[in-house]
Amino acid sequence: MPNSRIVFIVTGSIAAFKAAQAVSRLVQDGHTVRVVATPAALQFVGAATFEGLTGHPVLSDLWEPGRAMDHIHLSRWADMGMICPASANTIAHMAHGLADDLVGALALAWPREKPLHLFPAMNREMLSHPSTMDNLAAVGRAGVIVHPTAGGNLACGEVGGGRLLEPDEIVALITPPRLGRVLVTAGATREPIDGIRFVSNVSTGRTGAAIADRLAAKGWDVTFVHGQSSALPNARTTRVPYGSFADLDATLQRELAAQAYTAVIHAAAVSDYSIASVNGGEPDGQVKLGSGESLELRFKANHKILPRLRGYSANGAMQVIGFKLTLNQTASRTEEIARGLLGSTVDAIVANDWSHIDGDRHPGQLVANDEAPTFANIDELSELLHRRLLRAGAGTGTPVAHA
């Protein structure tokens with residue numbers, strides 16, 4: 001995970017000295033780190049230490065003039081976050097959604113598609129108390145990645161669990177080896193009529209952007225090939241825009257030939273037709289047709305990009321996963337249509353129906369020759385895609401580390 005942007009939250013614990021060591025290692029590895037510390041944390045390690053290690057001022061006061069929106073800005077800026085050490089008090093605040101300080105507000109505002117790691121540190125009795133156990137379970141259910149503590153000699157003189165992990169262990173847990181390269185397409189093509197007008201479709205690109213976010217959080221290096229009006233992922237990805245069908249086709253040929261991708265997830269809504277002529281002539285992107293003129297368009301059929309993707313790729317064993325959206329069809333009919341797209345060049349199809357998609361409700365199936373598991377939303381779909389790519393990566397010859 002090179003050059004990641006990390007928000008490092010430090011709370012009140014004598015183990016804060018290990019946080020300083022972990023910050024130092026992250027900076028040395030090339031990451032950009034911003035430290036947020038509670039007032040209690042700064043009683044153990046001073047702000048000057050963290051500022052010297054990161055090159056950035058330490059943020060602590062939610063109400064400091066000019067910084068009232070830091071809990072929003074930092075959470076949007078970051079690729080990931082970590083709370084290290086996390087005290088029992090901070091964990092309790094997070095479990096109950098309290099946001100009366102900068103750390104609480106930042107945790108509550110944290111985007112769910114971005115990883116937020118929590119490393120507890122406290123006395124063994126505090127850790128094993130039923131309230132703390134319930135609170136840790138609650139923050140885990142909210143999507144926070146809760147790491148274990150170590151056992152051994154505690155600062156209070158007792159022996160047992162609750163000891164903060166060592167800095168090298170902490171860094172290794174939040175910076176796992178990359179799994180491989182995945183190209184995700186999203187958004188709609190635009191077929192130009194003139195320099196202003198175009199023919200397009202209803203795709204927003206939100207599904208592809210969400211998949212890109214979740215795969216990036218899992219450890220995949222993601223290239224996001226997107227339409228001009230597409231939603232964009234929040235995660236750090238390589239972004240490549242496209243315009244028309246011809247532009248998308250050329251972009252995919254270039255990108256897939258340049259790098260050995262583990263997989264391509266082709267979620268873009270691709271036009272089946274391009275404009276052959278406008279009022280009998282070639283489409284001209286340098287003019288604007290008069291609004292009072294009649295308009296006669298002739299269309300030509302486009303070839304299907306999906307079955308050509310593996311042929312475009314430098315990796316002949318690349319996984320190819322496409323999308324098939326139907327309208328007002330039963331689930332069994334949608335699956336049947338999707339199976340018709342499978343073959344030697346297409347490994348799986350995400351099949352769903354437009355009439356069933358409504359906000360977070362996004363049901364469908366991941367149809368392959370050997371299975372067709374269902375999903376209820378994009379999170380479940382992304383997990384299915386992640387697991388399929390891990391299984392497929394083992395036999396492709398492409399370096400894939402399993403996690």
# chains A, B, ... in the order shown; residues from 1 in each chain; ligands from 1
$ residues_around --residues "A:Leu295" --least-positions-apart "5" --cutoff "12 Å" --atoms "only C-alpha atoms" --output "compact mmCIF listing (two decimals) with C-alpha atoms, in the first residue's frame"
# COMPACT_ATOMS: atom_id res chain seq x y z
CA ILE A 193 -24.09 14.17 -32.16
CA ASP A 194 -22.20 17.48 -32.34
CA ARG A 197 -25.08 16.98 -27.70
CA SER A 277 -24.31 10.07 -39.60
CA VAL A 278 -26.03 13.30 -38.56
CA ASN A 279 -28.33 14.78 -41.21
CA GLY A 280 -26.53 12.69 -43.79
CA GLY A 281 -23.01 13.77 -42.82
CA PRO A 283 -20.76 13.75 -36.77
CA LEU A 289 -26.23 22.26 -34.63
CA GLY A 290 -28.92 24.91 -34.65
$ residues_around --residues "A:Cys84" --least-positions-apart "3" --cutoff "8 Å" --atoms "only C-alpha atoms" --output "ChimeraX atom specification"
/A:8-11,16,19,118-120
$ write_last_selection --atoms "C-alpha atoms" --output "CSV table (one decimal), in the first residue's frame"
chain,number,residue,atom,x,y,z
A,8,PHE,CA,-3.5,8.1,13.0
A,9,ILE,CA,-5.6,8.6,16.2
A,10,VAL,CA,-3.9,8.4,19.5
A,11,THR,CA,-5.8,8.2,22.8
A,16,ALA,CA,1.2,5.9,23.3
A,19,ALA,CA,2.2,4.8,18.6
A,118,LEU,CA,-8.6,-0.2,16.2
A,119,PHE,CA,-5.8,-1.4,18.5
A,120,PRO,CA,-6.9,-1.6,22.1
$ atom_distance --atom1 "atom CA of A:His147" --atom2 "atom CA of A:Met80"
15.0 Å
$ closest_residue --among "A:Ala137, A:Leu341, A:Val287, A:Met122" --to "A:Gly160" --atoms "only C-alpha atoms"
A:Met122
$ residues_around --residues "A:Ala276" --least-positions-apart "2" --cutoff "7 Å" --atoms "only C-alpha atoms" --output "NGL selection string"
:A and (274 or 282 or 298-300)
$ residues_around --residues "A:Ala138" --least-positions-apart "6" --cutoff "12 Å" --atoms "only C-alpha atoms" --output "list in words"
Ile91, Ala92, His93, Met94, Ala95, His96, Gly97, Ser131, Thr132, Val144, Ile145 and Val146 of chain A
$ write_last_selection --atoms "N, CA and C atoms" --output "PDB file, in the first residue's frame"
ATOM      1  N   ILE A  91     -13.207   3.605  23.229  1.00  0.00           N
ATOM      2  CA  ILE A  91     -14.007   2.511  22.670  1.00  0.00           C
ATOM      3  C   ILE A  91     -15.463   2.650  23.106  1.00  0.00           C
ATOM      4  N   ALA A  92     -15.693   3.027  24.380  1.00  0.00           N
ATOM      5  CA  ALA A  92     -17.061   3.217  24.869  1.00  0.00           C
ATOM      6  C   ALA A  92     -17.757   4.356  24.132  1.00  0.00           C
ATOM      7  N   HIS A  93     -17.037   5.462  23.907  1.00  0.00           N
ATOM      8  CA  HIS A  93     -17.608   6.576  23.152  1.00  0.00           C
ATOM      9  C   HIS A  93     -17.999   6.137  21.749  1.00  0.00           C
ATOM     10  N   MET A  94     -17.116   5.392  21.081  1.00  0.00           N
ATOM     11  CA  MET A  94     -17.395   4.944  19.721  1.00  0.00           C
ATOM     12  C   MET A  94     -18.592   3.999  19.683  1.00  0.00           C
ATOM     13  N   ALA A  95     -18.675   3.094  20.657  1.00  0.00           N
ATOM     14  CA  ALA A  95     -19.756   2.111  20.672  1.00  0.00           C
ATOM     15  C   ALA A  95     -21.122   2.776  20.775  1.00  0.00           C
ATOM     16  N   HIS A  96     -21.175   3.921  21.434  1.00  0.00           N
ATOM     17  CA  HIS A  96     -22.453   4.603  21.638  1.00  0.00           C
ATOM     18  C   HIS A  96     -22.619   5.827  20.743  1.00  0.00           C
ATOM     19  N   GLY A  97     -21.707   5.997  19.783  1.00  0.00           N
ATOM     20  CA  GLY A  97     -21.862   7.065  18.806  1.00  0.00           C
ATOM     21  C   GLY A  97     -21.701   8.455  19.374  1.00  0.00           C
ATOM     22  N   SER A 131     -18.633  -4.708  29.944  1.00  0.00           N
ATOM     23  CA  SER A 131     -18.940  -3.475  29.214  1.00  0.00           C
ATOM     24  C   SER A 131     -17.967  -3.261  28.064  1.00  0.00           C
ATOM     25  N   THR A 132     -16.675  -3.499  28.326  1.00  0.00           N
ATOM     26  CA  THR A 132     -15.675  -3.328  27.271  1.00  0.00           C
ATOM     27  C   THR A 132     -15.872  -4.361  26.172  1.00  0.00           C
ATOM     28  N   VAL A 144     -15.679  -1.296  12.071  1.00  0.00           N
ATOM     29  CA  VAL A 144     -14.310  -1.031  12.505  1.00  0.00           C
ATOM     30  C   VAL A 144     -13.549  -2.349  12.605  1.00  0.00           C
ATOM     31  N   ILE A 145     -12.302  -2.359  12.159  1.00  0.00           N
ATOM     32  CA  ILE A 145     -11.470  -3.561  12.207  1.00  0.00           C
ATOM     33  C   ILE A 145     -10.790  -3.593  13.573  1.00  0.00           C
ATOM     34  N   VAL A 146     -11.243  -4.496  14.451  1.00  0.00           N
ATOM     35  CA  VAL A 146     -10.736  -4.564  15.823  1.00  0.00           C
ATOM     36  C   VAL A 146      -9.627  -5.600  15.891  1.00  0.00           C
TER      37      VAL A 146
END
$ select_by_dssp --residues "stretch 140-284 of chain A" --states "helix (DSSP H, G or I)" --output "tab-separated table (two decimals) with C-alpha atoms, in the first residue's frame"
chain	number	residue	atom	x	y	z
A	140	GLY	CA	-16.87	-4.29	15.16
A	141	ARG	CA	-20.46	-4.53	13.97
A	167	PRO	CA	4.96	-1.28	16.40
A	168	ASP	CA	6.17	-3.71	13.73
A	169	GLU	CA	3.11	-5.90	14.27
A	170	ILE	CA	0.82	-2.87	14.02
A	171	VAL	CA	2.37	-1.69	10.76
A	172	ALA	CA	2.23	-5.18	9.25
A	173	LEU	CA	-1.47	-5.54	10.08
A	174	ILE	CA	-2.53	-2.32	8.36
A	206	ARG	CA	-22.00	4.34	-8.61
A	207	THR	CA	-21.93	0.54	-8.62
A	208	GLY	CA	-18.50	0.38	-10.23
A	209	ALA	CA	-17.14	3.10	-7.95
A	210	ALA	CA	-18.40	1.26	-4.86
A	211	ILE	CA	-16.83	-2.00	-6.05
A	212	ALA	CA	-13.54	-0.19	-6.69
A	213	ASP	CA	-13.61	1.23	-3.15
A	214	ARG	CA	-14.25	-2.11	-1.54
A	215	LEU	CA	-11.67	-4.02	-3.58
A	216	ALA	CA	-9.05	-1.36	-2.86
A	217	ALA	CA	-9.82	-1.69	0.86
A	218	LYS	CA	-9.29	-5.46	0.55
A	245	PHE	CA	-17.62	3.61	-27.33
A	246	ALA	CA	-14.58	3.87	-29.60
A	247	ASP	CA	-12.69	5.76	-26.90
A	248	LEU	CA	-13.52	3.12	-24.28
A	249	ASP	CA	-12.51	0.29	-26.60
A	250	ALA	CA	-9.16	1.93	-27.40
A	251	THR	CA	-8.56	2.75	-23.72
A	252	LEU	CA	-9.11	-0.86	-22.68
A	253	GLN	CA	-6.83	-2.17	-25.40
A	254	ARG	CA	-4.09	0.18	-24.25
A	255	GLU	CA	-4.50	-0.38	-20.50
A	256	LEU	CA	-4.84	-4.15	-20.60
A	257	ALA	CA	-1.84	-4.55	-22.90
A	258	ALA	CA	0.35	-2.33	-20.71
$ residues_around --residues "A:His73" --least-positions-apart "4" --cutoff "12 Å" --atoms "only C-alpha atoms" --output "PDB file with C-alpha atoms, in the first residue's frame"
ATOM      1  CA  VAL A   7      -5.147   9.344   9.872  1.00  0.00           C
ATOM      2  CA  ARG A  34      -1.763  13.010  10.047  1.00  0.00           C
ATOM      3  CA  ARG A  67     -10.812  23.648  12.276  1.00  0.00           C
ATOM      4  CA  ALA A  68     -14.472  22.896  13.006  1.00  0.00           C
ATOM      5  CA  MET A  69     -14.780  20.685   9.901  1.00  0.00           C
ATOM      6  CA  TRP A  77      -8.754  12.927   2.705  1.00  0.00           C
ATOM      7  CA  ALA A  78      -7.541   9.654   4.185  1.00  0.00           C
ATOM      8  CA  LEU A 102     -12.563  15.488  17.658  1.00  0.00           C
ATOM      9  CA  ALA A 105     -16.687  13.067  15.668  1.00  0.00           C
ATOM     10  CA  LEU A 106     -14.008  11.704  13.330  1.00  0.00           C
ATOM     11  CA  ALA A 109     -18.042  10.547  10.316  1.00  0.00           C
ATOM     12  CA  TRP A 110     -15.667   7.876   8.977  1.00  0.00           C
ATOM     13  CA  PRO A 111     -16.797   6.568   5.539  1.00  0.00           C
TER      14      PRO A 111
END
$ residues_around --residues "A:Ile337" --least-positions-apart "5" --cutoff "12 Å" --atoms "only C-alpha atoms" --output "VMD selection string"
chain A and resid 323 to 327 329 to 332 342 349 to 353 365 367
$ write_last_selection --atoms "N, CA and C atoms" --output "CSV table (one decimal), in the first residue's frame"
chain,number,residue,atom,x,y,z
A,323,PHE,N,-21.2,-7.6,-16.6
A,323,PHE,CA,-22.5,-7.2,-16.0
A,323,PHE,C,-23.6,-7.4,-17.0
A,324,LYS,N,-24.7,-7.9,-16.6
A,324,LYS,CA,-25.9,-7.9,-17.4
A,324,LYS,C,-27.1,-7.4,-16.7
A,325,LEU,N,-27.6,-6.3,-17.1
A,325,LEU,CA,-28.8,-5.6,-16.5
A,325,LEU,C,-30.0,-5.9,-17.4
A,326,THR,N,-31.0,-6.4,-16.8
A,326,THR,CA,-32.3,-6.6,-17.5
A,326,THR,C,-33.3,-5.7,-16.9
A,327,LEU,N,-34.5,-5.7,-17.6
A,327,LEU,CA,-35.6,-4.8,-17.1
A,327,LEU,C,-36.9,-5.6,-17.1
A,329,GLN,N,-37.6,-8.5,-15.6
A,329,GLN,CA,-37.5,-9.9,-15.8
A,329,GLN,C,-37.5,-10.6,-14.5
A,330,THR,N,-37.8,-11.9,-14.5
A,330,THR,CA,-37.7,-12.7,-13.3
A,330,THR,C,-36.3,-13.0,-13.0
A,331,ALA,N,-35.9,-13.4,-11.8
A,331,ALA,CA,-34.6,-13.7,-11.4
A,331,ALA,C,-34.1,-14.9,-12.3
A,332,SER,N,-34.9,-15.9,-12.5
A,332,SER,CA,-34.5,-17.0,-13.3
A,332,SER,C,-34.2,-16.6,-14.7
A,342,LEU,N,-21.7,-16.3,-20.9
A,342,LEU,CA,-20.5,-17.1,-20.4
A,342,LEU,C,-19.9,-17.8,-21.6
A,349,ILE,N,-20.7,-13.4,-14.8
A,349,ILE,CA,-21.5,-12.3,-15.1
A,349,ILE,C,-22.3,-11.9,-13.8
A,350,VAL,N,-22.2,-10.6,-13.5
A,350,VAL,CA,-23.1,-10.0,-12.5
A,350,VAL,C,-24.4,-9.7,-13.1
A,351,ALA,N,-25.5,-10.5,-12.6
A,351,ALA,CA,-26.8,-10.4,-13.2
A,351,ALA,C,-27.8,-9.8,-12.3
A,352,ASN,N,-28.5,-8.7,-12.7
A,352,ASN,CA,-29.5,-8.1,-11.9
A,352,ASN,C,-30.5,-7.4,-12.8
A,353,ASP,N,-31.6,-7.0,-12.2
A,353,ASP,CA,-32.7,-6.4,-13.0
A,353,ASP,C,-33.0,-5.0,-12.4
A,365,GLN,N,-27.3,-11.9,-8.8
A,365,GLN,CA,-26.5,-13.1,-8.7
A,365,GLN,C,-25.1,-12.9,-9.4
A,367,VAL,N,-23.1,-15.0,-11.6
A,367,VAL,CA,-23.4,-16.2,-12.4
A,367,VAL,C,-22.1,-16.7,-13.1
$ atom_distance --atom1 "atom CA of A:Val139" --atom2 "atom CA of A:Thr175"
21.1 Å
$ select_by_dssp --residues "stretch 44-289 of chain A" --states "strand (DSSP E or B)" --output "PyMOL selection string"
chain A and resi 59+80-86+116-120+145-146+150-153+159-163+181-186+188+191-192+198-199+221-226+238-241+263-266+269+273-278+281
$ residues_around --residues "A:Thr38" --least-positions-apart "5" --cutoff "12 Å" --atoms "only C-alpha atoms" --output "NGL selection string"
:A and (8-13 or 16 or 43-47 or 58-62 or 83-87 or 89-90 or 100-106)
$ write_last_selection --atoms "N, CA and C atoms" --output "PDB file, in the first residue's frame"
ATOM      1  N   PHE A   8      -3.932   8.860  11.901  1.00  0.00           N
ATOM      2  CA  PHE A   8      -3.469   8.065  13.035  1.00  0.00           C
ATOM      3  C   PHE A   8      -3.995   8.724  14.307  1.00  0.00           C
ATOM      4  N   ILE A   9      -4.950   8.069  14.967  1.00  0.00           N
ATOM      5  CA  ILE A   9      -5.600   8.620  16.153  1.00  0.00           C
ATOM      6  C   ILE A   9      -4.981   8.015  17.395  1.00  0.00           C
ATOM      7  N   VAL A  10      -4.509   8.857  18.295  1.00  0.00           N
ATOM      8  CA  VAL A  10      -3.855   8.410  19.521  1.00  0.00           C
ATOM      9  C   VAL A  10      -4.728   8.822  20.709  1.00  0.00           C
ATOM     10  N   THR A  11      -5.020   7.869  21.600  1.00  0.00           N
ATOM     11  CA  THR A  11      -5.831   8.180  22.775  1.00  0.00           C
ATOM     12  C   THR A  11      -5.035   7.928  24.047  1.00  0.00           C
ATOM     13  N   GLY A  12      -5.637   8.260  25.183  1.00  0.00           N
ATOM     14  CA  GLY A  12      -4.907   8.305  26.448  1.00  0.00           C
ATOM     15  C   GLY A  12      -4.500   6.961  26.995  1.00  0.00           C
ATOM     16  N   SER A  13      -3.251   6.593  26.812  1.00  0.00           N
ATOM     17  CA  SER A  13      -2.693   5.347  27.324  1.00  0.00           C
ATOM     18  C   SER A  13      -1.188   5.491  27.407  1.00  0.00           C
ATOM     19  N   ALA A  16       1.087   4.950  24.410  1.00  0.00           N
ATOM     20  CA  ALA A  16       1.208   5.918  23.323  1.00  0.00           C
ATOM     21  C   ALA A  16       2.625   6.018  22.777  1.00  0.00           C
ATOM     22  N   GLN A  43      -0.754  13.920  27.227  1.00  0.00           N
ATOM     23  CA  GLN A  43      -0.118  13.855  28.536  1.00  0.00           C
ATOM     24  C   GLN A  43       0.990  12.804  28.565  1.00  0.00           C
ATOM     25  N   PHE A  44       0.914  11.843  27.650  1.00  0.00           N
ATOM     26  CA  PHE A  44       1.912  10.767  27.599  1.00  0.00           C
ATOM     27  C   PHE A  44       2.998  11.039  26.557  1.00  0.00           C
ATOM     28  N   VAL A  45       2.603  11.512  25.370  1.00  0.00           N
ATOM     29  CA  VAL A  45       3.561  11.860  24.311  1.00  0.00           C
ATOM     30  C   VAL A  45       3.176  13.239  23.792  1.00  0.00           C
ATOM     31  N   GLY A  46       4.112  14.175  23.799  1.00  0.00           N
ATOM     32  CA  GLY A  46       3.815  15.549  23.426  1.00  0.00           C
ATOM     33  C   GLY A  46       3.546  15.729  21.944  1.00  0.00           C
ATOM     34  N   ALA A  47       2.823  16.784  21.628  1.00  0.00           N
ATOM     35  CA  ALA A  47       2.496  17.088  20.234  1.00  0.00           C
ATOM     36  C   ALA A  47       3.739  17.304  19.392  1.00  0.00           C
ATOM     37  N   VAL A  58      -0.238  18.430  15.038  1.00  0.00           N
ATOM     38  CA  VAL A  58      -1.155  17.485  15.660  1.00  0.00           C
ATOM     39  C   VAL A  58      -2.496  18.177  15.881  1.00  0.00           C
ATOM     40  N   LEU A  59      -3.581  17.473  15.546  1.00  0.00           N
ATOM     41  CA  LEU A  59      -4.925  18.010  15.727  1.00  0.00           C
ATOM     42  C   LEU A  59      -5.541  17.381  16.967  1.00  0.00           C
ATOM     43  N   SER A  60      -6.164  18.214  17.804  1.00  0.00           N
ATOM     44  CA  SER A  60      -6.698  17.694  19.053  1.00  0.00           C
ATOM     45  C   SER A  60      -8.028  18.321  19.452  1.00  0.00           C
ATOM     46  N   ASP A  61      -8.237  19.585  19.087  1.00  0.00           N
ATOM     47  CA  ASP A  61      -9.382  20.337  19.575  1.00  0.00           C
ATOM     48  C   ASP A  61     -10.435  20.492  18.484  1.00  0.00           C
ATOM     49  N   LEU A  62     -11.600  19.922  18.701  1.00  0.00           N
ATOM     50  CA  LEU A  62     -12.693  20.026  17.729  1.00  0.00           C
ATOM     51  C   LEU A  62     -13.111  21.467  17.501  1.00  0.00           C
ATOM     52  N   ILE A  83      -6.789   3.787  15.155  1.00  0.00           N
ATOM     53  CA  ILE A  83      -6.876   4.309  16.511  1.00  0.00           C
ATOM     54  C   ILE A  83      -5.926   3.470  17.348  1.00  0.00           C
ATOM     55  N   CYS A  84      -4.833   4.053  17.782  1.00  0.00           N
ATOM     56  CA  CYS A  84      -3.733   3.284  18.349  1.00  0.00           C
ATOM     57  C   CYS A  84      -2.888   4.158  19.287  1.00  0.00           C
ATOM     58  N   PRO A  85      -2.897   3.890  20.573  1.00  0.00           N
ATOM     59  CA  PRO A  85      -3.727   2.904  21.259  1.00  0.00           C
ATOM     60  C   PRO A  85      -5.147   3.416  21.429  1.00  0.00           C
ATOM     61  N   ALA A  86      -6.077   2.479  21.556  1.00  0.00           N
ATOM     62  CA  ALA A  86      -7.474   2.824  21.808  1.00  0.00           C
ATOM     63  C   ALA A  86      -7.795   2.509  23.266  1.00  0.00           C
ATOM     64  N   SER A  87      -8.109   3.524  24.022  1.00  0.00           N
ATOM     65  CA  SER A  87      -8.428   3.339  25.434  1.00  0.00           C
ATOM     66  C   SER A  87      -9.849   2.818  25.610  1.00  0.00           C
ATOM     67  N   ASN A  89     -12.116   4.148  27.362  1.00  0.00           N
ATOM     68  CA  ASN A  89     -13.021   5.291  27.287  1.00  0.00           C
ATOM     69  C   ASN A  89     -13.360   5.631  25.833  1.00  0.00           C
ATOM     70  N   THR A  90     -12.359   5.640  24.972  1.00  0.00           N
ATOM     71  CA  THR A  90     -12.598   5.933  23.557  1.00  0.00           C
ATOM     72  C   THR A  90     -13.470   4.866  22.913  1.00  0.00           C
ATOM     73  N   ASP A 100     -18.513  14.144  21.075  1.00  0.00           N
ATOM     74  CA  ASP A 100     -18.322  15.402  21.790  1.00  0.00           C
ATOM     75  C   ASP A 100     -16.893  15.896  21.745  1.00  0.00           C
ATOM     76  N   ASP A 101     -16.016  15.197  21.032  1.00  0.00           N
ATOM     77  CA  ASP A 101     -14.642  15.670  20.831  1.00  0.00           C
ATOM     78  C   ASP A 101     -14.218  15.307  19.411  1.00  0.00           C
ATOM     79  N   LEU A 102     -13.009  15.693  19.036  1.00  0.00           N
ATOM     80  CA  LEU A 102     -12.563  15.488  17.658  1.00  0.00           C
ATOM     81  C   LEU A 102     -12.480  14.006  17.315  1.00  0.00           C
ATOM     82  N   VAL A 103     -11.968  13.187  18.231  1.00  0.00           N
ATOM     83  CA  VAL A 103     -11.829  11.763  17.948  1.00  0.00           C
ATOM     84  C   VAL A 103     -13.202  11.125  17.759  1.00  0.00           C
ATOM     85  N   GLY A 104     -14.151  11.430  18.638  1.00  0.00           N
ATOM     86  CA  GLY A 104     -15.486  10.866  18.512  1.00  0.00           C
ATOM     87  C   GLY A 104     -16.178  11.289  17.235  1.00  0.00           C
ATOM     88  N   ALA A 105     -16.062  12.568  16.895  1.00  0.00           N
ATOM     89  CA  ALA A 105     -16.687  13.067  15.668  1.00  0.00           C
ATOM     90  C   ALA A 105     -16.043  12.452  14.433  1.00  0.00           C
ATOM     91  N   LEU A 106     -14.727  12.285  14.458  1.00  0.00           N
ATOM     92  CA  LEU A 106     -14.008  11.704  13.330  1.00  0.00           C
ATOM     93  C   LEU A 106     -14.416  10.240  13.130  1.00  0.00           C
TER      94      LEU A 106
END
